[in-house]
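Just structure.cif here, mmCIF, C-alpha atoms:
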data_final
#
loop_
_atom_site.label_atom_id
_atom_site.label_comp_id
_atom_site.auth_asym_id
_atom_site.auth_seq_id
_atom_site.Cartn_x
_atom_site.Cartn_y
_atom_site.Cartn_z
CA MET H 21 0.00 0.00 0.00
CA LYS H 22 2.83 2.39 0.87
CA PHE H 23 4.46 1.79 -2.49
CA PHE H 24 1.14 2.22 -4.26
CA LEU H 25 0.63 5.65 -2.71
CA ALA H 26 4.19 6.73 -3.40
CA ARG H 27 4.35 5.53 -6.98
CA PRO H 28 2.55 8.50 -8.62
CA LEU H 29 4.95 10.96 -7.02
CA LEU H 30 8.04 8.90 -7.77
CA LYS H 31 7.39 8.77 -11.50
CA GLY H 32 9.94 10.92 -13.28
CA SER H 33 7.49 12.82 -15.47
CA PHE H 34 5.38 13.90 -12.50
CA ILE H 35 8.40 15.06 -10.52
CA ARG H 36 9.91 16.84 -13.52
CA GLY H 37 6.64 18.65 -14.10
CA VAL H 38 6.41 19.75 -10.48
CA LEU H 39 10.04 20.82 -10.37
CA ALA H 40 9.72 22.77 -13.63
CA ILE H 41 6.84 24.83 -12.26
CA ALA H 42 7.88 24.91 -8.60
CA GLY H 43 11.48 25.82 -9.42
CA SER H 44 10.37 28.62 -11.68
CA THR H 45 7.83 29.82 -9.14
CA ALA H 46 10.59 29.78 -6.51
CA LEU H 47 12.67 32.09 -8.68
CA ALA H 48 9.69 34.39 -9.15
CA GLN H 49 8.64 34.35 -5.50
CA GLY H 50 12.22 34.54 -4.29
CA VAL H 51 12.64 37.99 -5.72
CA ALA H 52 9.24 38.90 -4.24
CA ILE H 53 10.42 37.86 -0.79
CA ILE H 54 13.71 39.70 -1.12
CA SER H 55 12.01 42.84 -2.36
CA SER H 56 9.21 42.87 0.25
CA PRO H 57 11.25 44.65 2.94
CA ILE H 58 12.18 47.27 0.33
CA LEU H 59 8.61 47.70 -0.90
CA THR H 60 7.29 48.14 2.64
CA ARG H 61 9.73 51.02 3.08
CA LEU H 62 8.99 52.60 -0.30
CA TYR H 63 5.20 52.36 0.01
CA GLU H 64 2.85 53.23 2.84
CA PRO H 65 0.46 50.63 4.38
CA SER H 66 -2.41 52.53 2.77
CA ASP H 67 -0.75 52.09 -0.66
CA LEU H 68 -0.58 48.34 -0.12
CA GLY H 69 -4.17 48.39 1.09
CA VAL H 70 -5.34 49.95 -2.20
CA TRP H 71 -3.14 47.53 -4.14
CA GLY H 72 -4.75 44.67 -2.19
CA LEU H 73 -8.19 45.91 -3.24
CA PHE H 74 -7.04 46.05 -6.87
CA VAL H 75 -5.63 42.52 -6.81
CA SER H 76 -8.75 41.22 -5.06
CA TYR H 77 -11.03 42.74 -7.71
CA ILE H 78 -8.90 41.39 -10.55
CA ALA H 79 -8.88 37.92 -9.02
CA VAL H 80 -12.66 37.85 -8.62
CA VAL H 81 -13.52 39.22 -12.06
CA SER H 82 -10.86 37.20 -13.89
CA ALA H 83 -12.63 34.07 -12.61
CA LEU H 84 -15.42 35.14 -14.98
CA GLY H 85 -12.96 35.65 -17.83
CA SER H 86 -13.82 32.74 -20.11
CA LEU H 87 -16.71 31.35 -18.05
CA ARG H 88 -14.33 28.54 -16.98
CA TYR H 89 -14.14 27.07 -20.47
CA GLU H 90 -10.34 27.24 -20.15
CA VAL H 91 -10.53 24.45 -17.55
CA ALA H 92 -12.32 22.26 -20.08
CA VAL H 93 -9.34 22.61 -22.43
CA VAL H 94 -7.40 20.11 -20.31
CA ALA H 95 -10.32 17.73 -19.76
CA ALA H 96 -11.46 17.62 -23.42
CA LYS H 97 -11.08 14.18 -24.95
CA GLU H 98 -10.26 15.38 -28.47
CA ASP H 99 -7.54 17.86 -29.45
CA GLN H 100 -9.91 19.57 -31.87
CA ASP H 101 -12.33 20.24 -29.01
CA ALA H 102 -9.47 21.61 -26.90
CA ARG H 103 -8.47 24.09 -29.62
CA GLN H 104 -12.06 25.21 -30.16
CA LEU H 105 -12.57 25.66 -26.42
CA ALA H 106 -9.39 27.72 -26.17
CA SER H 107 -10.40 29.92 -29.10
CA GLY H 108 -13.85 30.51 -27.64
CA SER H 109 -12.30 31.27 -24.27
CA LEU H 110 -10.12 34.03 -25.73
CA PHE H 111 -13.15 35.70 -27.30
CA LEU H 112 -15.05 35.58 -23.99
CA VAL H 113 -12.09 37.12 -22.15
CA VAL H 114 -12.27 40.25 -24.31
CA VAL H 115 -15.97 40.70 -23.55
CA THR H 116 -15.74 40.10 -19.80
CA SER H 117 -12.66 42.33 -19.45
CA PHE H 118 -14.55 45.27 -20.90
CA LEU H 119 -17.57 44.63 -18.66
CA GLY H 120 -15.30 44.21 -15.63
CA ALA H 121 -13.73 47.62 -16.25
CA LEU H 122 -17.16 49.24 -16.48
CA VAL H 123 -18.29 47.71 -13.19
CA PHE H 124 -15.05 48.79 -11.53
CA GLU H 125 -15.53 52.41 -12.60
CA TRP H 126 -19.08 52.37 -11.25
CA MET H 127 -17.82 51.01 -7.90
CA ARG H 128 -15.09 53.66 -7.82
CA ARG H 129 -17.53 56.50 -8.37
CA ALA H 130 -20.03 55.07 -5.89
CA ASP H 131 -17.23 54.46 -3.31
CA ILE H 132 -18.18 50.82 -2.76
CA PHE H 133 -15.70 48.96 -0.49
CA GLY H 134 -13.55 52.09 -0.40
CA PHE H 135 -12.91 52.05 -4.17
CA SER H 136 -12.86 55.87 -4.27
CA ALA H 137 -9.23 55.59 -3.10
CA PHE H 138 -8.24 54.50 -6.61
CA PRO H 139 -6.82 57.10 -9.03
CA SER H 140 -9.17 58.09 -11.85
CA PRO H 141 -7.39 56.21 -14.70
CA THR H 142 -7.52 52.88 -12.84
CA ALA H 143 -10.46 51.56 -14.89
CA ALA H 144 -8.22 51.43 -17.98
CA LEU H 145 -5.64 49.44 -16.00
CA VAL H 146 -8.39 47.09 -14.85
CA PHE H 147 -9.36 46.37 -18.47
CA LEU H 148 -5.77 45.68 -19.51
CA THR H 149 -5.02 43.58 -16.43
CA LEU H 150 -8.14 41.46 -16.92
CA LEU H 151 -7.33 41.03 -20.61
CA PHE H 152 -3.71 39.99 -19.99
CA THR H 153 -4.69 37.72 -17.11
CA GLY H 154 -7.48 36.00 -19.02
CA PHE H 155 -5.40 35.39 -22.14
CA ALA H 156 -2.51 34.04 -20.08
CA LEU H 157 -4.84 31.69 -18.20
CA VAL H 158 -6.23 30.21 -21.42
CA PHE H 159 -2.76 29.67 -22.88
CA ARG H 160 -1.57 28.23 -19.56
CA TYR H 161 -4.28 25.55 -19.60
CA TYR H 162 -3.55 24.88 -23.27
CA ALA H 163 0.10 24.30 -22.36
CA MET H 164 -0.98 22.18 -19.38
CA ARG H 165 -2.89 19.85 -21.71
CA LYS H 166 0.29 19.36 -23.69
CA GLU H 167 2.21 18.89 -20.41
CA ALA H 168 4.49 21.77 -21.44
CA PHE H 169 5.33 22.47 -17.82
CA SER H 170 8.70 24.08 -18.57
CA LEU H 171 6.91 26.74 -20.63
CA ILE H 172 4.52 27.39 -17.74
CA GLY H 173 7.54 27.69 -15.46
CA ARG H 174 9.26 30.27 -17.67
CA PHE H 175 6.02 32.26 -17.82
CA THR H 176 5.89 32.34 -14.02
CA VAL H 177 9.47 33.59 -13.74
CA VAL H 178 9.04 36.38 -16.26
CA GLN H 179 5.80 37.62 -14.71
CA GLY H 180 7.07 37.47 -11.12
CA TRP H 181 10.33 39.28 -11.78
CA ALA H 182 8.70 41.87 -14.02
CA LYS H 183 6.22 42.80 -11.30
CA VAL H 184 8.88 43.37 -8.66
CA VAL H 185 11.16 45.36 -10.97
CA LEU H 186 8.33 47.57 -12.18
CA GLN H 187 6.96 48.22 -8.69
CA LEU H 188 10.41 49.19 -7.46
CA LEU H 189 11.09 51.50 -10.38
CA LEU H 190 7.64 53.12 -10.17
CA ALA H 191 7.70 53.68 -6.39
CA PRO H 192 7.80 57.49 -6.76
CA LEU H 193 4.28 57.28 -8.19
CA GLY H 194 2.92 55.82 -4.94
CA THR H 195 -0.23 53.75 -5.28
CA LEU H 196 -0.25 54.15 -9.06
CA GLY H 197 3.22 52.59 -9.21
CA LEU H 198 1.96 49.40 -7.56
CA LEU H 199 -0.99 49.23 -9.94
CA LEU H 200 1.09 49.83 -13.07
CA GLY H 201 3.58 47.19 -11.99
CA GLU H 202 0.76 44.70 -11.45
CA THR H 203 -0.75 45.39 -14.88
CA PHE H 204 2.27 45.37 -17.15
CA SER H 205 4.03 42.47 -15.45
CA ARG H 206 1.10 40.34 -16.65
CA LEU H 207 1.72 41.51 -20.19
CA ALA H 208 5.38 40.50 -19.88
CA GLY H 209 4.38 36.96 -18.92
CA LEU H 210 1.72 36.73 -21.63
CA ARG H 211 4.27 37.44 -24.36
CA LEU H 212 6.00 34.17 -23.52
CA LEU H 213 2.84 32.01 -23.70
CA TRP H 214 1.78 33.79 -26.89
CA GLY H 215 4.26 31.67 -28.87
CA ASP H 216 1.74 28.84 -29.46
CA ARG H 217 -1.30 30.46 -31.08
CA SER H 218 -2.65 27.46 -32.99
CA CYS H 219 -5.92 27.72 -31.07
CA CYS H 220 -6.41 31.34 -32.20
CA ARG H 221 -6.73 30.43 -35.89
CA ILE H 222 -9.62 28.04 -35.51
CA GLY H 223 -12.50 30.41 -34.74
CA VAL H 224 -15.32 30.17 -32.23
CA ASP H 225 -17.54 27.08 -32.47
CA ILE H 226 -20.78 27.61 -30.55
CA ARG H 227 -21.70 23.92 -30.74
CA THR H 228 -18.55 22.92 -28.87
CA LEU H 229 -19.20 25.51 -26.18
CA ILE H 230 -22.74 24.20 -25.76
CA ARG H 231 -21.52 20.60 -25.38
CA TYR H 232 -19.31 21.68 -22.50
CA TRP H 233 -22.16 23.51 -20.76
CA ARG H 234 -21.29 22.21 -17.26
CA TYR H 235 -18.28 24.52 -16.99
CA PRO H 236 -20.13 27.85 -17.23
CA VAL H 237 -23.23 26.56 -15.45
CA PHE H 238 -21.72 24.84 -12.42
CA GLN H 239 -17.99 25.40 -12.23
CA LEU H 240 -18.17 29.11 -13.03
CA SER H 241 -20.47 29.74 -10.07
CA SER H 242 -18.23 27.64 -7.87
CA SER H 243 -15.08 29.40 -9.06
CA ILE H 244 -16.55 32.84 -8.44
CA LEU H 245 -17.48 31.88 -4.89
CA ASN H 246 -14.07 30.30 -4.34
CA THR H 247 -12.28 33.39 -5.61
CA LEU H 248 -14.46 35.65 -3.49
CA ALA H 249 -13.68 33.51 -0.46
CA SER H 250 -9.95 33.72 -1.23
CA PHE H 251 -9.76 37.47 -1.81
CA ALA H 252 -12.67 38.96 0.14
CA LEU H 253 -10.71 39.30 3.39
CA VAL H 254 -8.82 42.45 2.40
CA PRO H 255 -11.95 44.39 1.33
CA VAL H 256 -13.78 43.15 4.46
CA PHE H 257 -10.98 44.27 6.79
CA VAL H 258 -10.55 47.58 4.95
CA MET H 259 -14.25 48.26 5.43
CA LEU H 260 -14.22 47.28 9.13
CA TYR H 261 -10.80 48.44 10.33
CA GLY H 262 -9.40 50.86 7.71
CA SER H 263 -6.90 50.75 4.85
CA ALA H 264 -3.84 50.44 7.14
CA VAL H 265 -5.17 47.19 8.63
CA GLY H 266 -6.08 46.09 5.12
CA GLY H 267 -2.51 46.75 4.04
CA ALA H 268 -1.17 44.65 6.92
CA LEU H 269 -3.49 41.82 5.92
CA ALA H 270 -2.47 42.13 2.26
CA LEU H 271 1.18 41.73 3.26
CA ALA H 272 0.32 38.79 5.54
CA GLN H 273 -1.58 37.04 2.76
CA ARG H 274 1.27 37.68 0.35
CA VAL H 275 3.87 36.11 2.64
CA VAL H 276 1.79 33.24 4.05
CA GLY H 277 0.49 32.44 0.57
CA LEU H 278 3.99 31.86 -0.80
CA PRO H 279 4.14 28.11 0.02
CA VAL H 280 0.67 27.59 -1.44
CA THR H 281 1.65 29.48 -4.60
CA LEU H 282 5.09 27.92 -4.89
CA ILE H 283 4.39 24.30 -4.00
CA GLY H 284 0.62 23.98 -4.16
CA GLY H 285 0.28 25.74 -7.49
CA ALA H 286 2.98 23.62 -9.13
CA VAL H 287 1.63 20.35 -7.76
CA GLY H 288 -1.93 21.37 -8.62
CA ASP H 289 -1.08 22.02 -12.28
CA VAL H 290 0.71 18.70 -12.71
CA PHE H 291 -1.88 16.80 -10.65
CA TYR H 292 -4.75 18.10 -12.80
CA GLY H 293 -3.00 17.23 -16.06
CA ARG H 294 -2.08 13.76 -14.80
CA ALA H 295 -5.52 13.06 -13.30
CA ALA H 296 -7.19 13.99 -16.60
CA SER H 297 -4.89 11.57 -18.44
CA LEU H 298 -5.57 8.78 -15.94
CA LEU H 299 -9.32 9.29 -16.22
CA ARG H 300 -9.04 8.68 -19.95
CA GLU H 301 -6.55 5.81 -19.74
CA ASP H 302 -6.39 4.15 -16.28
CA PRO H 303 -9.03 5.46 -13.79
CA LYS H 304 -8.22 2.97 -11.01
CA ARG H 305 -4.93 4.77 -10.31
CA ILE H 306 -6.61 8.07 -9.50
CA VAL H 307 -7.13 7.20 -5.82
CA GLY H 308 -3.42 6.46 -5.38
CA LEU H 309 -2.48 9.70 -7.10
CA PHE H 310 -4.91 11.68 -4.93
CA LEU H 311 -3.78 10.19 -1.61
CA GLY H 312 -0.11 10.22 -2.52
CA VAL H 313 -0.18 13.92 -3.33
CA SER H 314 -2.50 15.16 -0.57
CA LEU H 315 -0.92 13.23 2.33
CA ARG H 316 2.58 14.35 1.50
CA LEU H 317 1.46 17.92 1.11
CA GLY H 318 -0.35 17.60 4.44
CA VAL H 319 2.84 16.61 6.25
CA LEU H 320 4.75 19.46 4.64
CA GLY H 321 1.94 21.89 5.43
CA PHE H 322 1.93 20.89 9.10
CA PHE H 323 5.59 21.80 9.60
CA LEU H 324 5.37 24.99 7.53
CA GLY H 325 2.23 26.09 9.35
CA ALA H 326 3.82 25.48 12.74
CA ALA H 327 6.87 27.51 11.71
CA VAL H 328 4.70 30.42 10.55
CA TRP H 329 2.58 30.32 13.70
CA PHE H 330 5.67 30.47 15.96
CA LEU H 331 8.13 32.63 14.03
CA ALA H 332 6.11 35.19 12.06
CA PRO H 333 5.10 37.43 15.01
CA LYS H 334 8.72 37.60 16.16
CA VAL H 335 10.46 38.03 12.79
CA THR H 336 8.08 40.35 10.90
CA PRO H 337 8.77 43.62 12.81
CA TRP H 338 12.50 43.08 12.39
CA LEU H 339 12.26 42.12 8.72
CA PHE H 340 9.66 44.58 7.42
CA GLY H 341 9.91 47.36 9.99
CA PRO H 342 8.23 48.10 13.34
CA GLY H 343 5.15 49.52 11.61
CA TRP H 344 4.23 46.03 10.38
CA LYS H 345 3.86 44.25 13.72
CA LEU H 346 0.15 43.65 13.06
CA ALA H 347 1.03 41.89 9.81
CA GLY H 348 3.27 39.49 11.77
CA ASP H 349 0.50 38.70 14.24
CA MET H 350 -1.85 38.04 11.33
CA MET H 351 0.66 35.71 9.68
CA GLY H 352 0.88 33.65 12.86
CA VAL H 353 -2.90 33.38 13.05
CA MET H 354 -3.06 32.23 9.42
CA GLY H 355 -0.48 29.44 9.85
CA PRO H 356 -2.98 26.57 10.38
CA TRP H 357 -5.13 27.89 7.54
CA MET H 358 -2.13 27.83 5.21
CA ALA H 359 -1.29 24.24 6.21
CA ALA H 360 -4.80 22.99 5.45
CA GLN H 361 -4.94 24.88 2.17
CA LEU H 362 -1.61 23.46 1.04
CA ALA H 363 -2.81 19.90 1.67
CA VAL H 364 -6.21 20.15 0.00
CA SER H 365 -6.26 22.96 -2.57
CA PRO H 366 -3.90 21.38 -5.18
CA VAL H 367 -5.93 18.14 -5.35
CA SER H 368 -9.26 19.97 -5.33
CA ARG H 369 -8.98 20.34 -9.10
CA LEU H 370 -10.19 16.75 -9.24
CA VAL H 371 -13.73 18.11 -9.09
CA PHE H 372 -13.29 19.61 -12.58
CA LEU H 373 -13.25 16.06 -13.95
CA THR H 374 -16.56 15.01 -12.41
CA SER H 375 -20.23 15.90 -12.73
CA ARG H 376 -20.52 16.54 -8.96
CA ALA H 377 -19.82 20.26 -9.22
CA TRP H 378 -22.72 21.06 -6.91
CA LEU H 379 -20.71 19.63 -3.98
CA LYS H 380 -17.95 22.15 -4.56
CA LEU H 381 -20.58 24.84 -4.90
CA VAL H 382 -21.80 24.03 -1.39
CA TYR H 383 -18.24 24.11 -0.03
CA ASP H 384 -17.41 27.42 -1.72
CA THR H 385 -20.61 28.99 -0.43
CA PHE H 386 -19.66 28.00 3.11
CA SER H 387 -16.13 29.36 2.64
CA LEU H 388 -17.47 32.72 1.49
CA LEU H 389 -19.75 32.90 4.52
CA VAL H 390 -16.75 32.19 6.76
CA VAL H 391 -14.44 34.87 5.36
CA THR H 392 -17.20 37.49 5.47
CA SER H 393 -18.27 36.49 8.99
CA PRO H 394 -16.45 39.45 10.63
CA ILE H 395 -19.09 41.69 9.02
CA TRP H 396 -22.26 39.90 10.00
CA LEU H 397 -21.36 37.52 12.83
CA TRP H 398 -18.38 38.29 15.04
CA ASN H 399 -18.41 42.10 15.39
CA LEU H 400 -14.98 42.09 17.07
CA SER H 401 -12.97 45.23 17.78
CA ARG H 402 -9.55 43.58 17.29
CA PRO H 403 -8.72 42.45 13.73
CA GLU H 404 -6.46 39.68 15.07
CA ASP H 405 -9.38 38.09 16.93
CA ALA H 406 -11.62 38.23 13.87
CA LEU H 407 -8.92 36.67 11.69
CA LYS H 408 -8.31 33.90 14.24
CA LYS H 409 -11.94 32.79 14.10
CA VAL H 410 -11.93 32.87 10.31
CA SER H 411 -8.73 30.80 10.21
CA LEU H 412 -10.06 28.07 12.51
CA LEU H 413 -13.31 27.77 10.57
CA MET H 414 -11.43 27.52 7.28
CA VAL H 415 -9.26 24.71 8.64
CA SER H 416 -12.45 22.81 9.52
CA ALA H 417 -13.87 23.47 6.06
CA TYR H 418 -10.76 22.11 4.35
CA MET H 419 -10.90 18.94 6.45
CA VAL H 420 -14.50 18.28 5.37
CA TYR H 421 -13.64 19.10 1.76
CA PHE H 422 -10.78 16.59 1.80
CA PHE H 423 -13.14 13.71 2.56
CA ILE H 424 -15.57 14.89 -0.13
CA LEU H 425 -12.75 14.84 -2.68
CA LEU H 426 -11.58 11.43 -1.47
CA ALA H 427 -15.08 10.03 -2.04
CA MET H 428 -14.99 11.47 -5.57
CA ALA H 429 -11.60 9.88 -6.26
CA ILE H 430 -12.82 6.48 -5.03
CA ARG H 431 -15.88 6.66 -7.24
CA MET H 432 -13.77 7.65 -10.25
CA GLY H 433 -11.52 4.68 -9.55
CA LEU H 434 -14.45 2.26 -9.42
CA LEU H 435 -16.33 3.60 -12.42
CA ARG H 436 -15.01 4.78 -15.77
CA LEU H 437 -16.78 8.13 -15.68
CA GLU H 438 -17.64 9.90 -18.90
CA ASP H 439 -17.61 13.39 -17.38
CA GLY H 440 -14.51 14.74 -19.08
CA ASP H 441 -16.43 16.01 -22.10
CA GLY H 442 -18.79 18.14 -20.04
CA SER H 443 -21.86 16.58 -21.62
#
Whole structure given in structure tokens:
Amino acid sequence: MKFFLARPLLKGSFIRGVLAIAGSTALAQGVAIISSPILTRLYEPSDLGVWGLFVSYIAVVSALGSLRYEVAVVAAKEDQDARQLASGSLFLVVVTSFLGALVFEWMRRADIFGFSAFPSPTAALVFLTLLFTGFALVFRYYAMRKEAFSLIGRFTVVQGWAKVVLQLLLAPLGTLGLLLGETFSRLAGLRLLWGDRSCCRIGVDIRTLIRYWRYPVFQLSSSILNTLASFALVPVFVMLYGSAVGGALALAQRVVGLPVTLIGGAVGDVFYGRAASLLREDPKRIVGLFLGVSLRLGVLGFFLGAAVWFLAPKVTPWLFGPGWKLAGDMMGVMGPWMAAQLAVSPVSRLVFLTSRAWLKLVYDTFSLLVVTSPIWLWNLSRPEDALKKVSLLMVSAYMVYFFILLAMAIRMGLLRLEDGDGS
């Protein structure tokens, strides 16, 4: 049994894929870590708070980008379907990017969630950022289908380094410098993925999009809720405690999220590509892949979470400056949350290969209720206390979600499901 669980991870192609993405992400995030103490001295907490709002909005709206058809690119059984899905996804990204910019400008003028803090030309940056992000996501999934993980890795490096360099150079512009760096670093990464444009020459086939109807109907709703749950904390804390507290939380999320981005993102990409292949070729091995990946990530997450919980409050004021003590306390509180997320989030992409999307929809709804609970449930005066309650509830949610995913994996191993085509 031990060998069976280990075998998926010990296969050379799986490890090479993870290392290609994780190594590249490490290079990208490494410069982010090194530059963080510099950025916190060049920018005010309120600048980072506004930047956090910008990133949160982009993350939420970009989940709408192609109505989740880009996820179907990997799961499609035929290459022709994959190309048609990618082409249709690119067209949808253009439309949703324009609509997202319009909604943003309305929120800015109406001062919803403190959006009036944004400079007036930000709506144009929102359009460009959504466009670059959506295009890159489609090409990333197209490369994932081909298992071109080294290309994905190079994309990650270029985008990560470009963002840091631009934000450092544009620091004299204040908040606008952070936003410009965020926008045009995504263009720098997109240029690399743009090399394979075979899917762009095929046109949009409405019939193919209709056949894969489950992705916009079920998984889009789930993805929006999941993204809201992931990025709603900063707007919630800005609204309740002010932009300075929101800036501290944005920094805490950026630092604590590094292991999830570095390791979890790499493993998740390779896991999803491999699970889709196994579903088509050898479904009985999916359970071993799922358990082998999630249990090892769980052990790693436990030690990393314990280290964050113990060290972050002590190290952060020394590393980032005395004005960021609250960020260190928040990092410590988020340690257990990070550990649970690292263990479960990468393998949660398994749900994209099944017809049980409504289960994930229930989970994502609960997660959103948890992260917004400081508004309607806790009513606590100290942001650290509110974050602690959110963190503990999210750990519980991830534990329940793990067993839901395990049940899905077992069922996929017992039955040769025909869910990959979305019909």
Inset, instruction - Find the distance between atom CA of H:Lys166 and atom CA of H:Gly293 and write it in Å to one decimal. - result: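 Pair atom CA of H:Lys166 / atom CA of H:Gly293 returns 8.6 Å.
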Inset, instruction - Calculate how many Å separate atom CA of H:Ser368 from atom CA of H:Gly108, rounding to one decimal. - result: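 Atom CA of H:Gly108 lies at a distance of 25.1 Å from atom CA of H:Ser368.
We find atom CA of H:Glu64 and atom CA of H:Gly194 to be spaced 8.2 Å apart.
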Legend entry - Selection dump of the PyMOL selection byres ((chain H and resi 346-350) around 12), as a PyMOL selection string: chain H and resi 60+65+68+253+257+264-276+328-345+351-358+402-411
With C-alpha atoms retained, write the just-selected residues as a short mmCIF file (atom, residue, chain, number, x, y, z; two decimals), keeping the file's coordinate frame.
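Heads up, here's the output in result-v4.cif:
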data_model
loop_
_atom_site.label_atom_id
_atom_site.label_comp_id
_atom_site.auth_asym_id
_atom_site.auth_seq_id
_atom_site.Cartn_x
_atom_site.Cartn_y
_atom_site.Cartn_z
CA THR H 60 7.29 48.14 2.64
CA PRO H 65 0.46 50.63 4.38
CA LEU H 68 -0.58 48.34 -0.12
CA LEU H 253 -10.71 39.30 3.39
CA PHE H 257 -10.98 44.27 6.79
CA ALA H 264 -3.84 50.44 7.14
CA VAL H 265 -5.17 47.19 8.63
CA GLY H 266 -6.08 46.09 5.12
CA GLY H 267 -2.51 46.75 4.04
CA ALA H 268 -1.17 44.65 6.92
CA LEU H 269 -3.49 41.82 5.92
CA ALA H 270 -2.47 42.13 2.26
CA LEU H 271 1.18 41.73 3.26
CA ALA H 272 0.32 38.79 5.54
CA GLN H 273 -1.58 37.04 2.76
CA ARG H 274 1.27 37.68 0.35
CA VAL H 275 3.87 36.11 2.64
CA VAL H 276 1.79 33.24 4.05
CA VAL H 328 4.70 30.42 10.55
CA TRP H 329 2.58 30.32 13.70
CA PHE H 330 5.67 30.47 15.96
CA LEU H 331 8.13 32.63 14.03
CA ALA H 332 6.11 35.19 12.06
CA PRO H 333 5.10 37.43 15.01
CA LYS H 334 8.72 37.60 16.16
CA VAL H 335 10.46 38.03 12.79
CA THR H 336 8.08 40.35 10.90
CA PRO H 337 8.77 43.62 12.81
CA TRP H 338 12.50 43.08 12.39
CA LEU H 339 12.26 42.12 8.72
CA PHE H 340 9.66 44.58 7.42
CA GLY H 341 9.91 47.36 9.99
CA PRO H 342 8.23 48.10 13.34
CA GLY H 343 5.15 49.52 11.61
CA TRP H 344 4.23 46.03 10.38
CA LYS H 345 3.86 44.25 13.72
CA MET H 351 0.66 35.71 9.68
CA GLY H 352 0.88 33.65 12.86
CA VAL H 353 -2.90 33.38 13.05
CA MET H 354 -3.06 32.23 9.42
CA GLY H 355 -0.48 29.44 9.85
CA PRO H 356 -2.98 26.57 10.38
CA TRP H 357 -5.13 27.89 7.54
CA MET H 358 -2.13 27.83 5.21
CA ARG H 402 -9.55 43.58 17.29
CA PRO H 403 -8.72 42.45 13.73
CA GLU H 404 -6.46 39.68 15.07
CA ASP H 405 -9.38 38.09 16.93
CA ALA H 406 -11.62 38.23 13.87
CA LEU H 407 -8.92 36.67 11.69
CA LYS H 408 -8.31 33.90 14.24
CA LYS H 409 -11.94 32.79 14.10
CA VAL H 410 -11.93 32.87 10.31
CA SER H 411 -8.73 30.80 10.21
#
Inset, instruction - Please tell me which residues are no farther than 10 Å from (-9.9, 19.3, 4.2) in the file, counting only C-alpha atoms, and write them as number ranges by chain. - result: H: 314, 318, 360-365, 368, 414-426
Inset, instruction - Pick out the closest residue to H:Leu105 from this set: H:Thr228, H:Ala168, H:Lys183, H:Trp71. Count all atoms listed in the file. - result: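 For H:Leu105, the nearest of the candidates is H:Thr228.
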Inset, instruction - Any chance you could resolve the PyMOL selection byres ((chain H and resi 186) around 10) against this file and give the residues as a PyMOL selection string? - result: chain H and resi 181-185+187-191+197-205
Legend entry - Best match for closeness to H:Phe372 among H:Ala96, H:Ile306, H:Ala102, H:Val91, counting all atoms listed in the file: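 Under the stated criterion, the closest residue is H:Val91.
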Legend entry - Output of the PyMOL selection byres ((chain H and resi 169) around 12), listed as a ChimeraX atom specification: /H:33-45,159-168,170-176,213,285-291,293-294
Inset, instruction - Pick out the closest residue to H:Gln179 from this set: H:Ala295, H:Leu73, H:Ala48, H:Ala83. Count only C-alpha atoms. - result: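 Comparing H:Ala295, H:Leu73, H:Ala48, H:Ala83 against H:Gln179, the winner is H:Ala48.
Considering all atoms listed in the file, the residue among H:Leu248, H:Ile53, H:Ala121, H:Val115 positioned nearest to H:Gly277 is H:Ile53.
With distances taken over all atoms listed in the file, H:Leu229 is the one residue among H:Val224, H:Leu388, H:Leu229, H:Ala144 lying closest to H:Leu87.
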Inset, instruction - Kindly indicate which residue among H:Gly209, H:Ser117, H:Leu389, H:Val94 lies nearest to H:Val177, using all atoms listed in the file for the distances. - result: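 Checking each candidate against H:Val177, we get H:Gly209 as the closest.
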Once 4 Å is added on each side, what are the centre and the three edge lengths, in Å to one decimal, of the axis-aligned box enclosing the listed atoms of stretch 118-133 of chain H? Present them as JSON.
{"center_x": -16.9, "center_y": 50.4, "center_z": -10.7, "size_x": 14.3, "size_y": 20.3, "size_z": 28.4}
Inset, instruction - Excluding H:Ala79 and any residue of its chain fewer than 3 positions from it, enumerate the residues within 10 Å of it, using all atoms listed in the file, and give them as a ChimeraX atom specification. - result: /H:73-76,82-85,150,153,244,247-248,250-252
Pick out the residues sitting within 8 Å of H:Phe155, and hand them over as an mmCIF file with C-alpha atoms, in the frame of the given file; count only C-alpha atoms, and ignore anything fewer than 3 positions along from it in its own chain.
data_model
loop_
_atom_site.group_PDB
_atom_site.id
_atom_site.type_symbol
_atom_site.label_atom_id
_atom_site.label_comp_id
_atom_site.auth_asym_id
_atom_site.auth_seq_id
_atom_site.Cartn_x
_atom_site.Cartn_y
_atom_site.Cartn_z
ATOM 1 C CA LEU H 110 -10.120 34.030 -25.730
ATOM 2 C CA VAL H 113 -12.090 37.120 -22.150
ATOM 3 C CA LEU H 151 -7.330 41.030 -20.610
ATOM 4 C CA PHE H 152 -3.710 39.990 -19.990
ATOM 5 C CA VAL H 158 -6.230 30.210 -21.420
ATOM 6 C CA PHE H 159 -2.760 29.670 -22.880
ATOM 7 C CA LEU H 210 1.720 36.730 -21.630
#
